[in-house]
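Data file: final-v4.pdb. Format and content: PDB, C-alpha atoms, pLDDT in the B column.
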```pdb
ATOM      1  CA  MET A   1       0.000   0.000   0.000  1.00 56.00           C
ATOM      2  CA  LYS A   2       2.853   2.388   0.790  1.00 73.00           C
ATOM      3  CA  ARG A   3       4.028   2.045  -2.822  1.00 79.00           C
ATOM      4  CA  TYR A   4       0.752   3.466  -4.129  1.00 88.00           C
ATOM      5  CA  MET A   5       0.291   6.186  -1.511  1.00 94.00           C
ATOM      6  CA  LEU A   6       2.064   9.004  -3.378  1.00 96.00           C
ATOM      7  CA  PRO A   7       0.375   8.263  -6.742  1.00 96.00           C
ATOM      8  CA  LEU A   8      -2.957   8.206  -4.906  1.00 96.00           C
ATOM      9  CA  ILE A   9      -2.254  11.586  -3.317  1.00 97.00           C
ATOM     10  CA  ILE A  10      -1.281  12.955  -6.750  1.00 97.00           C
ATOM     11  CA  LEU A  11      -4.585  11.715  -8.157  1.00 97.00           C
ATOM     12  CA  ILE A  12      -6.597  13.204  -5.294  1.00 97.00           C
ATOM     13  CA  MET A  13      -4.886  16.601  -5.521  1.00 97.00           C
ATOM     14  CA  SER A  14      -5.331  16.653  -9.308  1.00 97.00           C
ATOM     15  CA  LEU A  15      -9.060  15.932  -8.989  1.00 97.00           C
ATOM     16  CA  LEU A  16      -9.353  18.508  -6.206  1.00 97.00           C
ATOM     17  CA  TYR A  17      -7.799  21.179  -8.440  1.00 96.00           C
ATOM     18  CA  MET A  18      -9.872  20.292 -11.512  1.00 96.00           C
ATOM     19  CA  PHE A  19     -13.289  19.908  -9.911  1.00 95.00           C
ATOM     20  CA  PHE A  20     -13.417  21.700  -6.577  1.00 95.00           C
ATOM     21  CA  ILE A  21     -11.055  24.691  -6.460  1.00 94.00           C
ATOM     22  CA  PRO A  22     -12.811  27.888  -7.653  1.00 93.00           C
ATOM     23  CA  SER A  23     -11.209  30.102 -10.267  1.00 90.00           C
ATOM     24  CA  GLU A  24     -10.983  33.001  -7.811  1.00 92.00           C
ATOM     25  CA  PRO A  25      -8.857  34.026  -6.038  1.00 93.00           C
ATOM     26  CA  LEU A  26      -6.297  33.355  -8.743  1.00 92.00           C
ATOM     27  CA  ALA A  27      -3.410  32.828  -6.301  1.00 93.00           C
ATOM     28  CA  VAL A  28      -5.250  29.981  -4.574  1.00 94.00           C
ATOM     29  CA  LYS A  29      -6.206  28.417  -7.915  1.00 94.00           C
ATOM     30  CA  LEU A  30      -2.601  28.623  -9.080  1.00 95.00           C
ATOM     31  CA  LEU A  31      -1.315  27.104  -5.849  1.00 95.00           C
ATOM     32  CA  PHE A  32      -3.556  24.073  -6.167  1.00 96.00           C
ATOM     33  CA  LYS A  33      -2.642  23.762  -9.855  1.00 96.00           C
ATOM     34  CA  LEU A  34       1.031  23.444  -8.915  1.00 97.00           C
ATOM     35  CA  ILE A  35       0.636  21.031  -5.995  1.00 97.00           C
ATOM     36  CA  PRO A  36       0.186  17.936  -8.235  1.00 97.00           C
ATOM     37  CA  MET A  37       3.345  18.893 -10.137  1.00 97.00           C
ATOM     38  CA  TRP A  38       5.349  19.268  -6.922  1.00 97.00           C
ATOM     39  CA  LEU A  39       4.180  15.802  -5.941  1.00 97.00           C
ATOM     40  CA  ILE A  40       4.970  14.402  -9.400  1.00 98.00           C
ATOM     41  CA  ILE A  41       8.517  15.800  -9.152  1.00 98.00           C
ATOM     42  CA  LEU A  42       8.865  14.107  -5.757  1.00 97.00           C
ATOM     43  CA  PHE A  43       7.501  10.900  -7.292  1.00 97.00           C
ATOM     44  CA  ALA A  44      10.018  11.211 -10.139  1.00 97.00           C
ATOM     45  CA  TYR A  45      12.912  11.606  -7.720  1.00 95.00           C
ATOM     46  CA  ARG A  46      11.781   8.523  -5.842  1.00 94.00           C
ATOM     47  CA  GLN A  47      11.893   6.616  -9.143  1.00 92.00           C
ATOM     48  CA  PHE A  48      15.650   7.137  -9.438  1.00 92.00           C
ATOM     49  CA  PRO A  49      17.332   3.706  -9.727  1.00 88.00           C
ATOM     50  CA  PRO A  50      20.588   2.800  -7.928  1.00 85.00           C
ATOM     51  CA  HIS A  51      22.512   3.325 -11.177  1.00 82.00           C
ATOM     52  CA  ARG A  52      21.780   6.995 -11.813  1.00 86.00           C
ATOM     53  CA  SER A  53      22.745   8.609 -15.068  1.00 89.00           C
ATOM     54  CA  ARG A  54      22.285  11.798 -17.030  1.00 92.00           C
ATOM     55  CA  ILE A  55      18.805  10.925 -18.292  1.00 93.00           C
ATOM     56  CA  HIS A  56      17.363  10.767 -14.788  1.00 95.00           C
ATOM     57  CA  TYR A  57      18.446  14.320 -14.017  1.00 96.00           C
ATOM     58  CA  LEU A  58      17.435  15.578 -17.466  1.00 97.00           C
ATOM     59  CA  LEU A  59      13.895  14.253 -17.051  1.00 97.00           C
ATOM     60  CA  LEU A  60      13.713  15.716 -13.557  1.00 97.00           C
ATOM     61  CA  ALA A  61      14.817  19.090 -14.956  1.00 97.00           C
ATOM     62  CA  GLY A  62      12.156  18.777 -17.662  1.00 98.00           C
ATOM     63  CA  LEU A  63       9.489  18.257 -15.022  1.00 98.00           C
ATOM     64  CA  PHE A  64      10.765  21.264 -13.081  1.00 98.00           C
ATOM     65  CA  PHE A  65      10.633  23.633 -16.067  1.00 98.00           C
ATOM     66  CA  CYS A  66       7.180  22.384 -17.026  1.00 97.00           C
ATOM     67  CA  MET A  67       6.091  23.198 -13.484  1.00 96.00           C
ATOM     68  CA  ILE A  68       7.468  26.710 -14.022  1.00 97.00           C
ATOM     69  CA  GLY A  69       5.448  26.826 -17.236  1.00 96.00           C
ATOM     70  CA  ASP A  70       2.345  25.916 -15.232  1.00 92.00           C
ATOM     71  CA  GLY A  71       2.856  28.835 -12.915  1.00 93.00           C
ATOM     72  CA  THR A  72       3.615  31.401 -15.605  1.00 95.00           C
ATOM     73  CA  LEU A  73       1.203  30.407 -18.371  1.00 92.00           C
ATOM     74  CA  ILE A  74      -0.985  33.382 -17.468  1.00 90.00           C
ATOM     75  CA  TRP A  75       1.799  35.295 -19.278  1.00 93.00           C
ATOM     76  CA  PHE A  76       1.509  33.116 -22.370  1.00 91.00           C
ATOM     77  CA  VAL A  77       4.919  33.605 -23.992  1.00 92.00           C
ATOM     78  CA  VAL A  78       6.739  33.243 -20.646  1.00 95.00           C
ATOM     79  CA  GLY A  79       4.898  30.014 -19.826  1.00 95.00           C
ATOM     80  CA  LEU A  80       5.350  28.721 -23.367  1.00 95.00           C
ATOM     81  CA  SER A  81       9.091  29.376 -23.138  1.00 95.00           C
ATOM     82  CA  ALA A  82       9.355  27.474 -19.857  1.00 97.00           C
ATOM     83  CA  PHE A  83       7.490  24.512 -21.336  1.00 97.00           C
ATOM     84  CA  LEU A  84       9.736  24.641 -24.403  1.00 97.00           C
ATOM     85  CA  ILE A  85      12.828  24.436 -22.177  1.00 97.00           C
ATOM     86  CA  GLY A  86      11.230  21.515 -20.358  1.00 98.00           C
ATOM     87  CA  HIS A  87      10.700  19.687 -23.650  1.00 98.00           C
ATOM     88  CA  LEU A  88      14.315  20.312 -24.619  1.00 98.00           C
ATOM     89  CA  PHE A  89      15.405  18.600 -21.396  1.00 98.00           C
ATOM     90  CA  TYR A  90      13.071  15.683 -22.124  1.00 98.00           C
ATOM     91  CA  THR A  91      14.415  15.444 -25.666  1.00 97.00           C
ATOM     92  CA  ALA A  92      18.043  15.481 -24.522  1.00 97.00           C
ATOM     93  CA  GLY A  93      17.286  12.665 -22.102  1.00 96.00           C
ATOM     94  CA  PHE A  94      15.391  10.556 -24.624  1.00 97.00           C
ATOM     95  CA  LEU A  95      18.080  10.978 -27.281  1.00 94.00           C
ATOM     96  CA  GLY A  96      20.556   9.282 -24.934  1.00 91.00           C
ATOM     97  CA  GLN A  97      18.278   6.230 -24.835  1.00 93.00           C
ATOM     98  CA  TRP A  98      17.779   5.831 -28.575  1.00 89.00           C
ATOM     99  CA  HIS A  99      16.932   2.250 -29.597  1.00 90.00           C
ATOM    100  CA  TYR A 100      16.603   1.788 -33.349  1.00 89.00           C
ATOM    101  CA  SER A 101      13.409   0.235 -34.651  1.00 91.00           C
ATOM    102  CA  ALA A 102      12.082   0.733 -38.179  1.00 94.00           C
ATOM    103  CA  PRO A 103       8.402   1.025 -37.141  1.00 93.00           C
ATOM    104  CA  ARG A 104       9.287   3.503 -34.393  1.00 94.00           C
ATOM    105  CA  LEU A 105      11.523   5.419 -36.799  1.00 95.00           C
ATOM    106  CA  LEU A 106       8.641   5.723 -39.280  1.00 96.00           C
ATOM    107  CA  SER A 107       6.429   7.261 -36.600  1.00 96.00           C
ATOM    108  CA  ILE A 108       8.043  10.542 -37.627  1.00 97.00           C
ATOM    109  CA  VAL A 109       5.731  10.559 -40.670  1.00 98.00           C
ATOM    110  CA  PRO A 110       2.361  10.828 -38.859  1.00 97.00           C
ATOM    111  CA  ILE A 111       3.920  13.071 -36.202  1.00 98.00           C
ATOM    112  CA  ALA A 112       5.235  15.460 -38.858  1.00 97.00           C
ATOM    113  CA  ALA A 113       1.954  15.363 -40.785  1.00 98.00           C
ATOM    114  CA  TYR A 114      -0.052  16.202 -37.674  1.00 98.00           C
ATOM    115  CA  SER A 115       2.386  18.951 -36.678  1.00 97.00           C
ATOM    116  CA  VAL A 116       2.166  20.606 -40.096  1.00 98.00           C
ATOM    117  CA  TRP A 117      -1.637  20.418 -40.087  1.00 98.00           C
ATOM    118  CA  MET A 118      -1.883  21.830 -36.573  1.00 97.00           C
ATOM    119  CA  GLY A 119       0.627  24.540 -37.412  1.00 97.00           C
ATOM    120  CA  ILE A 120      -1.369  25.620 -40.458  1.00 97.00           C
ATOM    121  CA  GLN A 121      -4.581  25.813 -38.411  1.00 97.00           C
ATOM    122  CA  LEU A 122      -2.993  27.815 -35.614  1.00 97.00           C
ATOM    123  CA  VAL A 123      -1.114  30.220 -37.887  1.00 97.00           C
ATOM    124  CA  SER A 124      -4.284  30.885 -39.858  1.00 97.00           C
ATOM    125  CA  SER A 125      -6.210  31.644 -36.678  1.00 97.00           C
ATOM    126  CA  LEU A 126      -3.438  33.822 -35.260  1.00 96.00           C
ATOM    127  CA  LYS A 127      -3.397  35.883 -38.453  1.00 96.00           C
ATOM    128  CA  SER A 128      -7.175  36.223 -38.397  1.00 95.00           C
ATOM    129  CA  ASN A 129      -7.102  37.362 -34.768  1.00 92.00           C
ATOM    130  CA  GLY A 130      -4.300  39.863 -35.360  1.00 93.00           C
ATOM    131  CA  GLU A 131      -1.857  37.948 -33.138  1.00 93.00           C
ATOM    132  CA  GLN A 132       0.976  37.581 -35.633  1.00 94.00           C
ATOM    133  CA  VAL A 133       3.518  38.188 -32.863  1.00 95.00           C
ATOM    134  CA  LEU A 134       2.739  34.703 -31.513  1.00 95.00           C
ATOM    135  CA  ILE A 135       3.294  32.873 -34.803  1.00 96.00           C
ATOM    136  CA  ILE A 136       7.035  32.225 -34.405  1.00 95.00           C
ATOM    137  CA  PRO A 137       6.821  31.119 -30.721  1.00 95.00           C
ATOM    138  CA  VAL A 138       3.919  28.796 -31.520  1.00 95.00           C
ATOM    139  CA  ILE A 139       5.656  27.248 -34.546  1.00 96.00           C
ATOM    140  CA  ALA A 140       8.853  26.774 -32.534  1.00 96.00           C
ATOM    141  CA  TYR A 141       6.899  25.094 -29.760  1.00 97.00           C
ATOM    142  CA  ILE A 142       5.109  22.743 -32.167  1.00 97.00           C
ATOM    143  CA  ALA A 143       8.453  21.720 -33.690  1.00 97.00           C
ATOM    144  CA  VAL A 144      10.080  21.081 -30.311  1.00 97.00           C
ATOM    145  CA  ILE A 145       7.224  19.111 -28.734  1.00 97.00           C
ATOM    146  CA  SER A 146       6.815  17.032 -31.907  1.00 97.00           C
ATOM    147  CA  PHE A 147      10.508  16.144 -31.901  1.00 98.00           C
ATOM    148  CA  MET A 148      10.258  15.349 -28.195  1.00 98.00           C
ATOM    149  CA  LEU A 149       7.418  12.908 -28.898  1.00 98.00           C
ATOM    150  CA  TRP A 150       9.433  11.207 -31.630  1.00 97.00           C
ATOM    151  CA  THR A 151      12.524  10.833 -29.445  1.00 97.00           C
ATOM    152  CA  ALA A 152      10.330   9.384 -26.666  1.00 97.00           C
ATOM    153  CA  ILE A 153       8.943   6.828 -29.109  1.00 97.00           C
ATOM    154  CA  MET A 154      12.479   5.932 -30.188  1.00 97.00           C
ATOM    155  CA  THR A 155      13.395   4.968 -26.619  1.00 96.00           C
ATOM    156  CA  GLY A 156      10.879   2.117 -26.690  1.00 94.00           C
ATOM    157  CA  ASN A 157       9.919   3.036 -23.105  1.00 95.00           C
ATOM    158  CA  ARG A 158       6.135   2.667 -23.001  1.00 96.00           C
ATOM    159  CA  TYR A 159       5.710   5.140 -20.141  1.00 97.00           C
ATOM    160  CA  ALA A 160       7.740   7.802 -21.956  1.00 97.00           C
ATOM    161  CA  MET A 161       5.912   7.101 -25.218  1.00 97.00           C
ATOM    162  CA  VAL A 162       2.386   7.343 -23.826  1.00 98.00           C
ATOM    163  CA  GLY A 163       3.273  10.261 -21.545  1.00 98.00           C
ATOM    164  CA  SER A 164       4.736  12.276 -24.414  1.00 98.00           C
ATOM    165  CA  LEU A 165       1.750  11.501 -26.634  1.00 98.00           C
ATOM    166  CA  LEU A 166      -0.631  12.676 -23.914  1.00 98.00           C
ATOM    167  CA  PHE A 167       1.427  15.865 -23.593  1.00 98.00           C
ATOM    168  CA  VAL A 168       0.932  16.564 -27.305  1.00 98.00           C
ATOM    169  CA  ILE A 169      -2.800  15.887 -26.947  1.00 98.00           C
ATOM    170  CA  SER A 170      -3.047  18.206 -23.944  1.00 97.00           C
ATOM    171  CA  ASP A 171      -1.231  21.052 -25.693  1.00 97.00           C
ATOM    172  CA  SER A 172      -3.264  20.506 -28.856  1.00 97.00           C
ATOM    173  CA  ILE A 173      -6.513  20.922 -26.925  1.00 97.00           C
ATOM    174  CA  LEU A 174      -5.144  23.984 -25.129  1.00 96.00           C
ATOM    175  CA  SER A 175      -3.943  25.718 -28.294  1.00 95.00           C
ATOM    176  CA  TRP A 176      -7.064  24.858 -30.286  1.00 97.00           C
ATOM    177  CA  ASN A 177      -9.271  26.180 -27.493  1.00 96.00           C
ATOM    178  CA  MET A 178      -7.191  29.372 -27.185  1.00 95.00           C
ATOM    179  CA  PHE A 179      -6.770  30.254 -30.831  1.00 95.00           C
ATOM    180  CA  VAL A 180      -9.171  28.331 -33.076  1.00 95.00           C
ATOM    181  CA  ALA A 181     -12.479  27.404 -31.441  1.00 95.00           C
ATOM    182  CA  ASP A 182     -13.928  26.739 -28.009  1.00 95.00           C
ATOM    183  CA  ILE A 183     -13.828  23.131 -26.840  1.00 96.00           C
ATOM    184  CA  ARG A 184     -16.422  21.998 -24.338  1.00 94.00           C
ATOM    185  CA  TYR A 185     -14.921  21.062 -20.969  1.00 94.00           C
ATOM    186  CA  SER A 186     -11.515  22.061 -22.324  1.00 95.00           C
ATOM    187  CA  ASP A 187     -10.043  22.711 -18.874  1.00 94.00           C
ATOM    188  CA  ILE A 188     -10.863  19.165 -17.752  1.00 96.00           C
ATOM    189  CA  TRP A 189      -9.456  17.586 -20.915  1.00 97.00           C
ATOM    190  CA  ILE A 190      -6.318  19.716 -20.825  1.00 97.00           C
ATOM    191  CA  MET A 191      -5.452  19.071 -17.194  1.00 97.00           C
ATOM    192  CA  THR A 192      -6.420  15.378 -17.218  1.00 97.00           C
ATOM    193  CA  THR A 193      -4.124  14.625 -20.140  1.00 98.00           C
ATOM    194  CA  TYR A 194      -1.447  16.975 -18.797  1.00 98.00           C
ATOM    195  CA  TYR A 195      -1.199  15.496 -15.311  1.00 98.00           C
ATOM    196  CA  ALA A 196      -1.314  11.975 -16.763  1.00 98.00           C
ATOM    197  CA  ALA A 197       1.457  12.896 -19.215  1.00 98.00           C
ATOM    198  CA  GLN A 198       3.747  14.269 -16.535  1.00 98.00           C
ATOM    199  CA  PHE A 199       3.066  11.349 -14.196  1.00 98.00           C
ATOM    200  CA  LEU A 200       3.924   8.798 -16.912  1.00 98.00           C
ATOM    201  CA  ILE A 201       7.103  10.634 -17.888  1.00 98.00           C
ATOM    202  CA  ALA A 202       8.068  10.651 -14.205  1.00 97.00           C
ATOM    203  CA  ARG A 203       7.238   6.939 -14.013  1.00 96.00           C
ATOM    204  CA  SER A 204       9.464   6.244 -17.037  1.00 96.00           C
ATOM    205  CA  ILE A 205      12.545   7.229 -15.017  1.00 94.00           C
ATOM    206  CA  SER A 206      12.754   3.901 -13.200  1.00 90.00           C
ATOM    207  CA  ALA A 207      12.692   2.024 -16.518  1.00 88.00           C
ATOM    208  CA  PHE A 208      15.885   3.792 -17.611  1.00 87.00           C
ATOM    209  CA  ASP A 209      17.914   1.742 -15.153  1.00 68.00           C
ATOM    210  CA  ARG A 210      21.379   2.057 -16.646  1.00 57.00           C
ATOM    211  CA  PRO A 211      23.122   4.390 -19.069  1.00 51.00           C
ATOM    212  CA  ARG A 212      22.633   3.062 -22.571  1.00 48.00           C
ATOM    213  CA  VAL A 213      26.372   3.055 -23.259  1.00 41.00           C
ATOM    214  CA  GLN A 214      26.996   0.933 -20.184  1.00 40.00           C
ATOM    215  CA  ALA A 215      24.211  -1.452 -21.170  1.00 40.00           C
ATOM    216  CA  LEU A 216      25.601  -1.824 -24.677  1.00 40.00           C
ATOM    217  CA  GLY A 217      29.048  -2.384 -23.276  1.00 39.00           C
ATOM    218  CA  SER A 218      27.761  -5.160 -21.042  1.00 38.00           C
ATOM    219  CA  SER A 219      25.989  -6.782 -23.989  1.00 38.00           C
ATOM    220  CA  SER A 220      29.210  -6.702 -26.026  1.00 38.00           C
ATOM    221  CA  LEU A 221      31.162  -8.335 -23.197  1.00 34.00           C
ATOM    222  CA  ASN A 222      28.548 -11.033 -22.846  1.00 39.00           C
ATOM    223  CA  THR A 223      28.611 -11.679 -26.569  1.00 37.00           C
ATOM    224  CA  SER A 224      32.398 -11.905 -26.704  1.00 35.00           C
ATOM    225  CA  ALA A 225      32.465 -14.256 -23.738  1.00 38.00           C
ATOM    226  CA  ALA A 226      29.946 -16.631 -25.293  1.00 38.00           C
ATOM    227  CA  PRO A 227      31.363 -19.839 -26.830  1.00 34.00           C
TER
END
```

Would it be possible to restate this file's structure as structure tokens?
Amino acid sequence: MKRYMLPLIILIMSLLYMFFIPSEPLAVKLLFKLIPMWLIILFAYRQFPPHRSRIHYLLLAGLFFCMIGDGTLIWFVVGLSAFLIGHLFYTAGFLGQWHYSAPRLLSIVPIAAYSVWMGIQLVSSLKSNGEQVLIIPVIAYIAVISFMLWTAIMTGNRYAMVGSLLFVISDSILSWNMFVADIRYSDIWIMTTYYAAQFLIARSISAFDRPRVQALGSSSLNTSAAP
């Protein structure tokens, strides 16, 4: 039971924020929005395996900057920049765990197609709304989060893969609701997929038990020692 206590608390605090905390005062709403992320960062740290490597700290840094993005998203460009930095940390970590697979490699095709389509929709809406100043930041963000998703898929880590996909879904709902058209219950959809995404990325840390170079080195030694 102790093993599931922290995830249960994360779930309870997430539901409390989404369904029970009023939108005013803003400071209280923001505080309860950040509490699940603080707990997820603690959960991530507790996932660190005995053999710690660069990826564990990179993913932890990604979670931290995304938390900063949570707190500053009321200033859209500031929050977007913090999330972008978080995705760069995720990407750097996932790149160090690259495991080649042709089907996973080809996932870049639907990811790129979706990114281009979403980019076209958002740019068109931004132009129509007279918000051209946001076009470059939004395009940069789409490119970075799409590449992050692809690198997560290339790790073969199912937690990282699903978590990153949910992150893309969450941000897609958020951006569509902000710039294109209203989505019913958007806040619930955005935060449900967002908290789930961050929790799964945090959970993926324990699956990256050893540095990939060390693991490959061990495999080579075992192969050479075989008769």

For region 39-52 of chain A, I'd like the enclosing box, axis-aligned and padded by 5 Å on every side, reported as AutoDock Vina command-line options with centre and edge lengths in Å to one decimal.
```
--center_x 13.3 --center_y 9.3 --center_z -8.8 --size_x 28.3 --size_y 23.0 --size_z 16.1
```

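Of the residues listed (A:Thr151, A:Asn177, A:Gln97, A:Ser164), A:Ser164 shows the shortest atom-to-atom separation from Gln198 (chain A); distances use only C-alpha atoms.
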
Please indicate the distance in Å from CA of Pro36 (chain A) to CA of Leu60 (chain A), rounded to one decimal place.
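It comes out at 14.7 Å.
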
Applied to this file, what does the PyMOL selection byres ((chain A and resi 130-135) around 12) return in terms of residues, put as a PyMOL selection string?
chain A and resi 76-78+80-81+119-129+136-142+175+178-179

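You will find CA of Ala82 (chain A) at 18.9 Å from CA of Leu39 (chain A).
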
Which residue, A:Phe43, A:Gly71, A:Ile145, A:Ile55, has the smallest gap to Tyr4 (chain A) when you use only C-alpha atoms?
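Checking each candidate against Tyr4 (chain A), we get A:Phe43 as the closest.
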
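Counting from CA of Leu16 (chain A), the distance to CA of Phe32 (chain A) is 8.0 Å.
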
When you look at Phe199 (chain A) with a cut-off of 12 Å (counting all atoms listed in the file), what residues show up, excluding the ones that are within fewer than 4 positions of it in the same chain? I need them as JSON, numbers by chain.
{"A": [6, 7, 8, 10, 11, 14, 36, 37, 38, 39, 40, 41, 42, 43, 44, 45, 47, 59, 60, 63, 159, 160, 162, 163, 164, 166, 167, 191, 192, 193, 194, 195, 203, 204, 205]}

Nearest to Val168 (chain A), chosen from A:Ile108, A:Ala181, A:Ile85, A:Leu149, with only C-alpha atoms counted in the distances:
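Smallest distance to Val168 (chain A) is found for A:Leu149.
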
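Minimum atom-to-atom distances from A:Lys29, A:Arg3, A:Arg184, A:His87 to Ala152 (chain A) were compared using all atoms listed in the file, and the lowest value belongs to A:His87.
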
Name the residues captured by the PyMOL selection byres ((chain A and resi 70) around 10) when it is applied to the shown file; answer as an MDAnalysis selection string.
chainID A and resid 30 33:34 37 64:69 71:74 79:80 82:83

Expansion of the PyMOL selection byres ((chain A and resi 153) around 9) into residues, as a ChimeraX atom specification:
/A:94,98,104-105,107,148-152,154-158,160-162,164-165

Close residues, Ile173 (chain A) itself excluded, 8 Å, only C-alpha atoms, min 5 positions apart in chain, as a PDB file with C-alpha atoms, in the frame of the given file:
```pdb
ATOM      1  CA  ILE A 183     -13.828  23.131 -26.840  1.00 96.00           C
ATOM      2  CA  SER A 186     -11.515  22.061 -22.324  1.00 95.00           C
ATOM      3  CA  TRP A 189      -9.456  17.586 -20.915  1.00 97.00           C
ATOM      4  CA  ILE A 190      -6.318  19.716 -20.825  1.00 97.00           C
TER       5      ILE A 190
END
```

Mind checking which residues fall within 8 Å of Ser146 (chain A), counting all atoms listed in the file, ignoring those fewer than 6 positions away in the same chain, and posting them as number ranges by chain?
A: 111-112, 115, 168
